[in-house]
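Quick notes on the structure that follows.
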Amino acid sequence: MAATSETTSHSHSTFYIVGAIVLAVVLAIVGPALFGESFRPAVDVLEVGGEVFLRMLQMVVVPLVMASVMSGILGLGDVRKLGRPGAYAVTYYLCTTVLAVITGLIVVNLVDPGEGIDPALVKDARQEGEQTLAHVAGQNRGRRIEWHNVTGDRSATAGESKNVAVPDEGVWSVRISIDQVGKATTAARAVAKWSEDGNTFEELAGGEFSAGTDPGIYTTSPVITVPVEARFVRIEFEPQQGGERSIVEAYLVAGAPSIGAIFRNLVLMLFTNNLLGSMVEINLLPLIVFSIAFGAMLTTLGDRSETITDLVVSINDALMNFILLLMKLAPFGIFCLVAARFANAQLDGQFLTLLQTQAWYMTSVIVGLSIHAVLTLSLLLWFFTGRSPAQYALQMSQAILTAFSTASSTATLPVTMECAEKNAGVSPRSTEFVLPLGATINMDGTALYEAAAAIFIAQAYALIDPAFVLTFDKQVVIAITATLAAIGAAGIPEAGLVTMLIVLNAVGLPLELIGLILPIDWLLDRFRTAVNAYGDSVGAAIVDKSF
Ligand code: ASP
C-alpha cells in the first residue's frame with residue numbers, strides 16, 4: 001500500500017515538473033513574440049526565482065556529500081568492504097563513458113552534420129569564437145603576436161619580425177593565420193623560429209607558412225609545436241605583393257597536453273591542500289577522498305567515536321529530509337529556470353533561428369544521447385539487475401528533469417540521491433558512494449557530446465581548409481581525449497565547452513571554431529546533463545548488486 005502511494009506521488013511530481021517545463025517553453029516563445037523587449041522585466045523576475053532554487057540545491061551539495069559518504073562508511077563498519085563495489089563503480093563508469101563516445105562517433109559520422117553547413121557561417125562562427133575564446137579558455141589563449149594592415153606596397157614592413165617569450169610551464173605551439181584581403185600577385189609568407197637565449201633563432205619544424213594569392217583566411221594546420229627548451233619564439237613575415245592587404249596573426253597557444261599530462265591532472269584532482277577551498281568551490285572529488293579517509297578513521301576508534309558517528313548519521317538524515325522539501329518546490333523552481341533561460345535566448349533572437357541553422361548537428365547529438373540512454377544504459381540495467389528500464393527511468397524522472405533544467409549534475413546530486421533511494425529502492429550503501437563519485441567523474445552525455453562536437457567542427461573546418469583531413473587516427477585521438485576530458489569536466493553548466501578545447505587542441509583544430517557550437521551549447525548542455533545524471537543512477541543500481 002505504502003509503495004503504491006509512493007509511486008503515485010512521484011508520478012504526480014514528475015507530471016508537475018513536465019508540465020512546468022512545457023509551460024515554461026511556451027511562455028518563453030509566446031512572451032517575447034507578444035511583448036518584445038517589454039518582456040525582459042518579467043524574465044528578470046523569473047531568473048531570480050530560478051536562481052533561488054538552484055542555490056538551494058547547491059547549498060546542500062557539500063554537506064550532503066561529506067555526510068553521506070561518511071555515514072556510508074560507518075554503515076559498512078569497515079572501509080575495506082568498499083574495495084570491490086568501488087572497483088565495480090569505476091569500471092562501470094569508464095566502460096559506459098567509452099560506449100557513449102563510440103555511439104557519438106558512429107552517429108555523427110553517419111549524419112555528417114558538418115558537411116551541409118554554409119562555409120560563410122563557419123567563418124562567421126570562427127570570428128565569434130575568437131572573441132569569446134579569451135573568456136572561455138582563460139589561460140589557454142596564450143600570447144598573441146600580431147601584424148595588421150601590412151600592405152605589399154610598404155616595403156618597410158617587408159621582413160619585419162616580432163619576438164615573444166615562451167612561458168616556463170607546459171607545452172606550447174604556434175598558430176599562424178593570414179587574412180588575404182583582395183587578390184595578391186605574390187602570396188604573404190610567415191616563418192616561425194625559436195631560440196633558447198633570445199639571440200640565435202632557428203626555424204621551427206614545419207614553421208614556414210605561405211598564404212594563397214586568392215582572398216581568404218589561411219591558417220596553419222596542424223599547429224607548429226614549440227620545443228620545450230624554447231624560451232622565445234619569433235615570427236618573420238613577408239607581406240603579399242600586388243597592392244592589396246594582408247593581415248597576419250600568430251598565436252602562442254597552450255599545446256595539446258600529452259595523455260600523460262591529462263592523467264597527471266586527473267590524479268591531482270583527487271587531492272586538495274585546502275579542504276575549505278574545495279568546499280567553497282564545490283570541488284567534490286577531494287571532499288569524497290577526505291570523507292572516505294575520515295569515515296574509515298572513525299570506524300577504528302570504537303566507542304570513542306560514538307558521538308561524532310551519531311552526529312554524522314543525523315546530519316545525513318536531516319539533509320535528506322530537507323531535499324524532500326526542495327523537491328516539493330521543484331516544479332516552481334524548474335519553471336522559473338527554464339522559462340528565464342529560453343526566453344533570454346528568444347529575446348536575443350537565437351532560439352528558433354538556431355534550431356533551424358544547427359538542426360543537423362543538434363539532431364546528431366540528441367539522437368546519440370537517446371541511443372545511449374534508451375538502448376545502452378537500459379540494456380546494462382536490465383542485464384545486471386533485472387530491473388525494468390522504463391520503470392527505473394520513471395522512478396528517476398525527477399532527477400533527470402532537474403538535471404535538464406539546471407544543466408548541472410552537481411546541483412542535481414541531492415535529487416538523484418533522493419530518487420534512487422526513496423523512489424527506486426537502491427540501498428543507501430550504494431547511493432551514498434556511487435552517486436557522489438558518479439556526479440563528479442561519470443559524464444556519459446558530456447563524453448558523447450565532446451566526441452560528436454569535435455567531429456562536427458572537423459567536418460565544418462575541412463570546408464574552409466581543404467588541407468585538413470579527418471583521418472581515422474584523428475578520430476581515435478578524439479575518442480581518447482573526449483573520454484578523459486569528460487572525466488575531468490566539472491558538473492556545472494557548460495563545463496564540457498571548456499574541456500572541449502583539450503579535444504580540439506589534440507587534433508590540431510583551431511580553437512576559435514568553438515564559435516560554431518557556442519550559441520547552441522546552453523541547450524545541448526541540458527540534454528547531456530540529463531544523460532549524465534541518469535547514467536550515474538544506473539551505475540548505482542548495478543553496483544548495489546555487488547554489496
Ligand atoms: N553540465 C554538465 C553537467 O553538469 C557538464 C557539461 O557537459 O557541460 O553534468
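By order of appearance in the C-alpha cells: chains A, B, ..., then residues from 1 within every chain, and ligands from 1 in the order shown.
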### Task
Skip stretch 393-407 of chain A itself and residues of its chain fewer than 2 positions away, then list as a PyMOL selection string all residues within 6 Å of it, counting only C-alpha atoms.
chain A and resi 14+334+338+390-391+409+412+415-416+419+423-424+493+526-527+529-530
### Message
Taking only C-alpha atoms and all ligand atoms into account, list the residues no farther than 10 Å from ligand 1, as a ChimeraX atom specification.
### Response
/A:403-404,406-413,438-450,485-500,521-522,524-533
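Distance-wise, atom CA of A:Gly515 and atom CA of A:Val253 end up 17.2 Å apart.
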### Task
Apply DSSP to the backbone of this structure and, from stretch 222-325 of chain A, keep only the residues in strand (DSSP E or B); write these as JSON, numbers by chain.
{"A": [224, 225, 226, 232, 233, 234, 235, 236, 237, 238, 241, 245, 246, 247, 248, 249, 250, 251, 252, 253, 254]}
Take the residues just selected and output them with N, CA, C and O atoms as an mmCIF file, in the first residue's frame.
data_model
loop_
_atom_site.group_PDB
_atom_site.id
_atom_site.type_symbol
_atom_site.label_atom_id
_atom_site.label_comp_id
_atom_site.auth_asym_id
_atom_site.auth_seq_id
_atom_site.Cartn_x
_atom_site.Cartn_y
_atom_site.Cartn_z
ATOM 1 N N ILE A 224 52.055 24.476 -35.107
ATOM 2 C CA ILE A 224 53.505 24.230 -35.119
ATOM 3 C C ILE A 224 53.972 24.075 -33.670
ATOM 4 O O ILE A 224 53.790 24.992 -32.858
ATOM 5 N N THR A 225 54.564 22.928 -33.357
ATOM 6 C CA THR A 225 54.935 22.688 -31.957
ATOM 7 C C THR A 225 56.252 23.375 -31.606
ATOM 8 O O THR A 225 57.199 23.374 -32.386
ATOM 9 N N VAL A 226 56.289 23.959 -30.411
ATOM 10 C CA VAL A 226 57.491 24.656 -29.933
ATOM 11 C C VAL A 226 58.255 23.689 -29.015
ATOM 12 O O VAL A 226 57.649 23.100 -28.119
ATOM 13 N N PHE A 232 62.022 31.715 -26.393
ATOM 14 C CA PHE A 232 61.438 32.778 -27.227
ATOM 15 C C PHE A 232 60.976 32.188 -28.548
ATOM 16 O O PHE A 232 61.577 31.222 -29.035
ATOM 17 N N VAL A 233 59.914 32.746 -29.094
ATOM 18 C CA VAL A 233 59.616 32.445 -30.496
ATOM 19 C C VAL A 233 59.550 33.763 -31.252
ATOM 20 O O VAL A 233 59.274 34.814 -30.668
ATOM 21 N N ARG A 234 59.837 33.667 -32.537
ATOM 22 C CA ARG A 234 59.818 34.862 -33.374
ATOM 23 C C ARG A 234 59.050 34.514 -34.645
ATOM 24 O O ARG A 234 59.175 33.408 -35.165
ATOM 25 N N ILE A 235 58.257 35.478 -35.096
ATOM 26 C CA ILE A 235 57.582 35.277 -36.378
ATOM 27 C C ILE A 235 58.168 36.293 -37.347
ATOM 28 O O ILE A 235 58.188 37.494 -37.064
ATOM 29 N N GLU A 236 58.672 35.808 -38.479
ATOM 30 C CA GLU A 236 59.145 36.722 -39.517
ATOM 31 C C GLU A 236 58.108 36.715 -40.629
ATOM 32 O O GLU A 236 57.564 35.659 -40.962
ATOM 33 N N PHE A 237 57.865 37.885 -41.168
ATOM 34 C CA PHE A 237 56.740 37.999 -42.081
ATOM 35 C C PHE A 237 57.141 38.678 -43.387
ATOM 36 O O PHE A 237 57.794 39.715 -43.382
ATOM 37 N N GLU A 238 56.782 38.091 -44.516
ATOM 38 C CA GLU A 238 56.958 38.714 -45.833
ATOM 39 C C GLU A 238 55.575 39.064 -46.345
ATOM 40 O O GLU A 238 54.766 38.173 -46.561
ATOM 41 N N GLN A 241 52.389 40.739 -52.310
ATOM 42 C CA GLN A 241 52.658 41.788 -53.293
ATOM 43 C C GLN A 241 51.443 41.921 -54.195
ATOM 44 O O GLN A 241 50.760 40.940 -54.464
ATOM 45 N N ARG A 245 46.028 43.972 -49.368
ATOM 46 C CA ARG A 245 46.321 43.992 -47.954
ATOM 47 C C ARG A 245 46.329 42.568 -47.403
ATOM 48 O O ARG A 245 45.542 41.729 -47.836
ATOM 49 N N SER A 246 47.200 42.299 -46.473
ATOM 50 C CA SER A 246 47.072 41.015 -45.766
ATOM 51 C C SER A 246 47.279 41.279 -44.280
ATOM 52 O O SER A 246 48.051 42.166 -43.907
ATOM 53 N N ILE A 247 46.575 40.555 -43.476
ATOM 54 C CA ILE A 247 46.700 40.732 -42.016
ATOM 55 C C ILE A 247 47.201 39.414 -41.470
ATOM 56 O O ILE A 247 46.589 38.369 -41.691
ATOM 57 N N VAL A 248 48.327 39.482 -40.786
ATOM 58 C CA VAL A 248 48.818 38.231 -40.227
ATOM 59 C C VAL A 248 48.636 38.240 -38.714
ATOM 60 O O VAL A 248 48.825 39.266 -38.063
ATOM 61 N N GLU A 249 48.229 37.127 -38.205
ATOM 62 C CA GLU A 249 48.109 36.990 -36.754
ATOM 63 C C GLU A 249 48.798 35.688 -36.384
ATOM 64 O O GLU A 249 48.642 34.693 -37.090
ATOM 65 N N ALA A 250 49.570 35.735 -35.332
ATOM 66 C CA ALA A 250 50.192 34.490 -34.870
ATOM 67 C C ALA A 250 49.921 34.379 -33.382
ATOM 68 O O ALA A 250 49.922 35.377 -32.665
ATOM 69 N N TYR A 251 49.634 33.178 -32.936
ATOM 70 C CA TYR A 251 49.331 32.968 -31.520
ATOM 71 C C TYR A 251 50.267 31.936 -30.945
ATOM 72 O O TYR A 251 50.576 30.944 -31.595
ATOM 73 N N LEU A 252 50.667 32.194 -29.720
ATOM 74 C CA LEU A 252 51.363 31.161 -28.979
ATOM 75 C C LEU A 252 50.290 30.543 -28.103
ATOM 76 O O LEU A 252 49.748 31.196 -27.223
ATOM 77 N N VAL A 253 49.939 29.291 -28.396
ATOM 78 C CA VAL A 253 48.825 28.691 -27.639
ATOM 79 C C VAL A 253 49.312 27.496 -26.839
ATOM 80 O O VAL A 253 50.298 26.859 -27.197
ATOM 81 N N ALA A 254 48.585 27.222 -25.759
ATOM 82 C CA ALA A 254 48.916 26.041 -24.961
ATOM 83 C C ALA A 254 48.731 24.843 -25.873
ATOM 84 O O ALA A 254 47.662 24.662 -26.455
#
## Note on the structure
atom CA of A:Ala454 to atom CA of A:Arg341 measures 25.4 Å
### Task
Could you check which of A:Ile323, A:Asp310, A:Ala339, A:Val60 is closest to A:Val26, using only C-alpha atoms?
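Ranking A:Ile323, A:Asp310, A:Ala339, A:Val60 by distance to A:Val26, first place goes to A:Ala339.
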### Task
Please provide as number ranges by chain all residues within 8 Å of stretch 467-483 of chain A, with the sequence filter that same-chain residues fewer than 5 positions apart are discarded (counting only C-alpha atoms).
A: 97-98, 101-102, 105, 221, 259, 447-448, 450-451, 454-455, 458-459, 461-462, 500, 502-504, 506-507
Deliver the residues from the most recent selection as a file, using N, CA and C atoms, as a compact mmCIF listing (two decimals), in the first residue's frame.
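Generated file (part_30.txt):
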# COMPACT_ATOMS: atom_id res chain seq x y z
N THR A 97 31.36 5.37 -20.31
CA THR A 97 31.85 6.60 -20.95
C THR A 97 32.40 6.25 -22.33
N VAL A 98 33.18 5.15 -22.40
CA VAL A 98 33.75 4.76 -23.69
C VAL A 98 32.62 4.38 -24.67
N VAL A 101 31.11 7.51 -26.04
CA VAL A 101 31.96 8.16 -27.05
C VAL A 101 31.81 7.43 -28.39
N ILE A 102 31.83 6.10 -28.34
CA ILE A 102 31.72 5.33 -29.59
C ILE A 102 30.36 5.61 -30.26
N LEU A 105 30.52 8.97 -31.93
CA LEU A 105 31.31 8.96 -33.15
C LEU A 105 30.54 8.32 -34.31
N SER A 221 47.76 24.32 -40.20
CA SER A 221 47.09 23.14 -39.66
C SER A 221 47.94 21.93 -40.01
N ILE A 259 48.82 12.74 -23.25
CA ILE A 259 47.89 11.89 -22.49
C ILE A 259 48.41 11.76 -21.05
N ALA A 447 30.79 13.14 -22.58
CA ALA A 447 31.78 12.46 -23.42
C ALA A 447 31.24 12.29 -24.83
N LEU A 448 29.99 11.86 -24.93
CA LEU A 448 29.38 11.66 -26.25
C LEU A 448 29.33 12.98 -27.01
N GLU A 450 31.22 15.66 -26.55
CA GLU A 450 32.54 16.19 -26.93
C GLU A 450 33.04 15.51 -28.19
N ALA A 451 32.83 14.19 -28.27
CA ALA A 451 33.28 13.46 -29.46
C ALA A 451 32.50 13.93 -30.68
N ALA A 454 33.40 17.54 -31.70
CA ALA A 454 34.74 17.67 -32.31
C ALA A 454 34.70 17.22 -33.77
N ILE A 455 33.97 16.15 -34.05
CA ILE A 455 33.88 15.66 -35.44
C ILE A 455 33.10 16.67 -36.29
N ALA A 458 35.38 19.41 -37.05
CA ALA A 458 36.39 18.99 -38.04
C ALA A 458 35.77 18.97 -39.44
N GLN A 459 34.54 18.46 -39.54
CA GLN A 459 33.89 18.41 -40.86
C GLN A 459 33.69 19.83 -41.40
N TYR A 461 35.37 22.51 -40.56
CA TYR A 461 36.66 23.16 -40.82
C TYR A 461 37.23 22.71 -42.17
N ALA A 462 37.01 21.43 -42.49
CA ALA A 462 37.52 20.92 -43.76
C ALA A 462 36.92 21.70 -44.94
N MET A 500 36.32 20.81 -23.88
CA MET A 500 36.28 20.57 -25.34
C MET A 500 37.55 21.09 -26.00
N ILE A 502 40.53 20.84 -25.03
CA ILE A 502 41.57 19.81 -24.98
C ILE A 502 41.44 18.91 -26.21
N VAL A 503 40.19 18.57 -26.53
CA VAL A 503 39.94 17.67 -27.65
C VAL A 503 40.34 18.35 -28.97
N LEU A 504 39.92 19.59 -29.15
CA LEU A 504 40.24 20.31 -30.39
C LEU A 504 41.75 20.47 -30.55
N ALA A 506 44.07 18.63 -29.35
CA ALA A 506 44.77 17.36 -29.57
C ALA A 506 44.82 16.98 -31.04
N VAL A 507 43.84 17.42 -31.83
CA VAL A 507 43.87 17.06 -33.25
C VAL A 507 44.19 18.26 -34.13
